[in-house]
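Coordinates as given in target39.cif (mmCIF, C-alpha atoms; chains and numbers go by the auth columns):
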data_coords
loop_
_atom_site.group_PDB
_atom_site.id
_atom_site.type_symbol
_atom_site.label_atom_id
_atom_site.label_comp_id
_atom_site.label_asym_id
_atom_site.label_seq_id
_atom_site.Cartn_x
_atom_site.Cartn_y
_atom_site.Cartn_z
_atom_site.B_iso_or_equiv
_atom_site.auth_seq_id
_atom_site.auth_asym_id
ATOM 1 C CA MET A 1 -17.944 8.708 -74.568 0.00 1 V
ATOM 2 C CA MET A 2 -19.423 5.245 -74.124 0.00 2 V
ATOM 3 C CA CYS A 3 -18.207 3.340 -71.072 0.00 3 V
ATOM 4 C CA GLY A 4 -15.752 0.660 -72.168 0.00 4 V
ATOM 5 C CA GLY A 5 -15.252 1.992 -75.692 0.00 5 V
ATOM 6 C CA CYS A 6 -12.258 4.015 -76.848 0.00 6 V
ATOM 7 C CA SER A 7 -12.732 7.590 -78.003 0.00 7 V
ATOM 8 C CA PRO A 8 -11.619 8.597 -81.498 0.00 8 V
ATOM 9 C CA SER A 9 -7.926 9.473 -81.768 0.00 9 V
ATOM 10 C CA GLN A 10 -7.213 13.184 -81.424 0.00 10 V
ATOM 11 C CA PRO A 11 -4.247 15.559 -81.124 0.00 11 V
ATOM 12 C CA ALA A 12 -2.605 15.661 -77.710 0.00 12 V
ATOM 13 C CA THR A 13 -3.548 18.507 -75.393 0.00 13 V
ATOM 14 C CA PRO A 14 -1.470 20.164 -72.652 0.00 14 V
ATOM 15 C CA GLU A 15 -3.346 17.944 -70.146 0.00 15 V
ATOM 16 C CA ILE A 16 -2.272 14.805 -72.037 0.00 16 V
ATOM 17 C CA GLN A 17 1.341 16.067 -72.184 0.00 17 V
ATOM 18 C CA ALA A 18 1.205 16.532 -68.402 0.00 18 V
ATOM 19 C CA ILE A 19 -0.041 12.940 -67.982 0.00 19 V
ATOM 20 C CA ALA A 20 2.770 11.647 -70.228 0.00 20 V
ATOM 21 C CA ASP A 21 5.337 13.696 -68.288 0.00 21 V
ATOM 22 C CA LYS A 22 4.131 12.216 -64.992 0.00 22 V
ATOM 23 C CA VAL A 23 4.633 8.615 -66.163 0.00 23 V
ATOM 24 C CA LYS A 24 7.897 9.294 -68.045 0.00 24 V
ATOM 25 C CA PRO A 25 10.055 8.138 -65.078 0.00 25 V
ATOM 26 C CA GLN A 26 8.064 4.878 -64.924 0.00 26 V
ATOM 27 C CA LEU A 27 8.662 4.274 -68.648 0.00 27 V
ATOM 28 C CA GLU A 28 12.361 5.105 -68.398 0.00 28 V
ATOM 29 C CA GLU A 29 12.756 2.652 -65.523 0.00 29 V
ATOM 30 C CA GLN A 30 10.798 -0.143 -67.225 0.00 30 V
ATOM 31 C CA ALA A 31 12.403 0.375 -70.656 0.00 31 V
ATOM 32 C CA ASN A 32 15.851 0.984 -69.115 0.00 32 V
ATOM 33 C CA ARG A 33 16.278 4.023 -71.356 0.00 33 V
ATOM 34 C CA LYS A 34 16.332 7.819 -70.927 0.00 34 V
ATOM 35 C CA TYR A 35 14.327 10.017 -73.280 0.00 35 V
ATOM 36 C CA SER A 36 15.468 13.601 -73.918 0.00 36 V
ATOM 37 C CA LEU A 37 12.554 14.210 -76.308 0.00 37 V
ATOM 38 C CA PHE A 38 9.153 13.247 -74.896 0.00 38 V
ATOM 39 C CA LYS A 39 6.359 14.940 -76.842 0.00 39 V
ATOM 40 C CA ALA A 40 2.789 13.648 -76.699 0.00 40 V
ATOM 41 C CA VAL A 41 1.336 13.953 -80.202 0.00 41 V
ATOM 42 C CA GLU A 42 -1.906 11.957 -80.179 0.00 42 V
ATOM 43 C CA PHE A 43 -4.213 10.177 -77.741 0.00 43 V
ATOM 44 C CA THR A 44 -7.369 8.218 -77.249 0.00 44 V
ATOM 45 C CA SER A 45 -9.089 7.356 -73.993 0.00 45 V
ATOM 46 C CA GLN A 46 -11.286 4.629 -72.566 0.00 46 V
ATOM 47 C CA LEU A 47 -13.678 5.126 -69.682 0.00 47 V
ATOM 48 C CA VAL A 48 -13.571 2.160 -67.300 0.00 48 V
ATOM 49 C CA ALA A 49 -13.505 2.282 -63.474 0.00 49 V
ATOM 50 C CA GLY A 50 -11.250 5.270 -64.080 0.00 50 V
ATOM 51 C CA THR A 51 -9.711 6.238 -67.427 0.00 51 V
ATOM 52 C CA ASN A 52 -7.221 4.477 -69.669 0.00 52 V
ATOM 53 C CA TYR A 53 -5.223 6.890 -71.815 0.00 53 V
ATOM 54 C CA PHE A 54 -3.465 5.571 -74.908 0.00 54 V
ATOM 55 C CA ILE A 55 -0.840 8.163 -75.795 0.00 55 V
ATOM 56 C CA LYS A 56 1.532 8.315 -78.779 0.00 56 V
ATOM 57 C CA VAL A 57 4.757 10.013 -77.672 0.00 57 V
ATOM 58 C CA GLN A 58 7.579 11.161 -79.948 0.00 58 V
ATOM 59 C CA VAL A 59 10.928 10.204 -78.408 0.00 59 V
ATOM 60 C CA ASP A 60 13.223 10.882 -81.396 0.00 60 V
ATOM 61 C CA ASN A 61 12.910 12.230 -84.945 0.00 61 V
ATOM 62 C CA ASP A 62 11.211 9.105 -86.326 0.00 62 V
ATOM 63 C CA ASP A 63 10.813 7.085 -83.129 0.00 63 V
ATOM 64 C CA PHE A 64 7.606 6.896 -81.111 0.00 64 V
ATOM 65 C CA VAL A 65 6.308 4.936 -78.130 0.00 65 V
ATOM 66 C CA HIS A 66 2.709 4.130 -77.281 0.00 66 V
ATOM 67 C CA LEU A 67 1.750 4.397 -73.621 0.00 67 V
ATOM 68 C CA ARG A 68 -1.243 2.976 -71.768 0.00 68 V
ATOM 69 C CA VAL A 69 -1.755 5.068 -68.650 0.00 69 V
ATOM 70 C CA PHE A 70 -4.436 4.433 -66.039 0.00 70 V
ATOM 71 C CA GLU A 71 -5.970 7.293 -64.062 0.00 71 V
ATOM 72 C CA SER A 72 -8.084 6.046 -61.156 0.00 72 V
ATOM 73 C CA LEU A 73 -11.313 7.659 -60.043 0.00 73 V
ATOM 74 C CA PRO A 74 -10.773 10.892 -58.062 0.00 74 V
ATOM 75 C CA HIS A 75 -12.059 9.498 -54.746 0.00 75 V
ATOM 76 C CA GLU A 76 -9.446 6.701 -54.878 0.00 76 V
ATOM 77 C CA ASN A 77 -6.641 9.286 -54.711 0.00 77 V
ATOM 78 C CA LYS A 78 -4.099 7.047 -56.493 0.00 78 V
ATOM 79 C CA PRO A 79 -1.224 8.234 -58.705 0.00 79 V
ATOM 80 C CA LEU A 80 -1.190 7.789 -62.478 0.00 80 V
ATOM 81 C CA ALA A 81 0.104 4.368 -63.463 0.00 81 V
ATOM 82 C CA LEU A 82 1.882 3.269 -66.618 0.00 82 V
ATOM 83 C CA HIS A 83 0.122 -0.043 -67.307 0.00 83 V
ATOM 84 C CA SER A 84 1.850 -0.915 -70.567 0.00 84 V
ATOM 85 C CA TYR A 85 3.917 0.497 -73.401 0.00 85 V
ATOM 86 C CA GLN A 86 5.007 -0.334 -76.930 0.00 86 V
ATOM 87 C CA THR A 87 8.326 0.799 -78.387 0.00 87 V
ATOM 88 C CA ASP A 88 9.674 1.016 -81.953 0.00 88 V
ATOM 89 C CA LYS A 89 6.552 2.739 -83.248 0.00 89 V
ATOM 90 C CA SER A 90 6.439 5.177 -86.159 0.00 90 V
ATOM 91 C CA LYS A 91 4.416 8.341 -86.707 0.00 91 V
ATOM 92 C CA GLY A 92 2.049 6.453 -88.992 0.00 92 V
ATOM 93 C CA ASP A 93 1.328 3.583 -86.567 0.00 93 V
ATOM 94 C CA LYS A 94 -2.294 3.659 -85.478 0.00 94 V
ATOM 95 C CA LEU A 95 -2.954 4.156 -81.795 0.00 95 V
ATOM 96 C CA THR A 96 -5.060 1.177 -80.688 0.00 96 V
ATOM 97 C CA TYR A 97 -5.993 -0.663 -77.513 0.00 97 V
ATOM 98 C CA PHE A 98 -3.185 -2.835 -76.148 0.00 98 V
#

Could you quickly redo this structure as structure tokens?
Amino acid sequence: MMCGGCSPSQPATPEIQAIADKVKPQLEEQANRKYSLFKAVEFTSQLVAGTNYFIKVQVDNDDFVHLRVFESLPHENKPLALHSYQTDKSKGDKLTYF
């Protein structure tokens, strides 16, 4: 992957689901909403001074959210951070940088 560019979109992996699960409490607090369904379905990533993950998460039958999660470099030893999110997304909405 080229530094600064986003990778092609691909199906979510167990590692991406684990990342989404770790920032779920941050999203629920910021969005003031609880999610019983929280299934990562797709992602793309961007290598910066760490990694930005853009993750499409299914939160209801036809309701999705897009997450932007930052993972710092290992030597910084910082927790995953939810940098931004977009609600009211559909399955067909393209996952892009935001």

Evaluate the PyMOL selection byres ((chain V and resi 47) around 12) and record the selected residues as a VMD selection string, following the chain and residue labels used in the document. chain V and resid 1 to 7 44 to 46 48 to 54 69 to 73

Which residues fall under the PyMOL selection byres ((chain V and resi 95) around 8) in this file, as a short mmCIF file (atom, residue, chain, number, x, y, z; two decimals) with C-alpha atoms, in the coordinates of the input?
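As written to disk, out16.cif reads:
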data_model
loop_
_atom_site.label_atom_id
_atom_site.label_comp_id
_atom_site.auth_asym_id
_atom_site.auth_seq_id
_atom_site.Cartn_x
_atom_site.Cartn_y
_atom_site.Cartn_z
CA SER V 9 -7.93 9.47 -81.77
CA PHE V 43 -4.21 10.18 -77.74
CA THR V 44 -7.37 8.22 -77.25
CA PHE V 54 -3.46 5.57 -74.91
CA ILE V 55 -0.84 8.16 -75.80
CA LYS V 56 1.53 8.32 -78.78
CA HIS V 66 2.71 4.13 -77.28
CA ASP V 93 1.33 3.58 -86.57
CA LYS V 94 -2.29 3.66 -85.48
CA THR V 96 -5.06 1.18 -80.69
CA TYR V 97 -5.99 -0.66 -77.51
#

Who sits within 9 Å of Ile19 of chain V, only C-alpha atoms, same chain under 3 positions skipped, as an NGL selection string: :V and (14-16 or 22-24 or 53 or 69 or 80)

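Among the candidate residues V:Val57, V:Ala20, V:Ala12, V:Leu67, the one lying nearest to Lys91 of chain V is V:Val57, with distances computed using all atoms listed in the file.
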
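You will find atom CA of Glu29 of chain V at 12.9 Å from atom CA of Ala81 of chain V.
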
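Separating atom CA of Glu42 of chain V from atom CA of His83 of chain V is a distance of 17.7 Å.
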
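When all atoms listed in the file are used to measure the gap to Val59 of chain V, the shortest distance among V:Gln26, V:Asn77, V:Ser90, V:Asn32 belongs to V:Ser90.
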
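Minimum atom-to-atom distances from V:Gln30, V:Ser36, V:Ala18, V:Asp62 to Tyr85 of chain V were compared using all atoms listed in the file, and the lowest value belongs to V:Gln30.
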
Evaluated on this file, the PyMOL selection byres ((chain V and resi 60) around 12) picks out some residues - which ones are they, written as a VMD selection string? chain V and resid 34 to 40 57 to 59 61 to 65 87 to 91

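With atom CA of Arg33 of chain V on one side and atom CA of Pro11 of chain V on the other, the separation reads 25.5 Å.
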
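Comparing the minimum interatomic distances between Gln86 of chain V and each of V:Thr13, V:Pro8, V:Pro74, V:Phe98, counting only C-alpha atoms, we find that V:Phe98 sits nearest.
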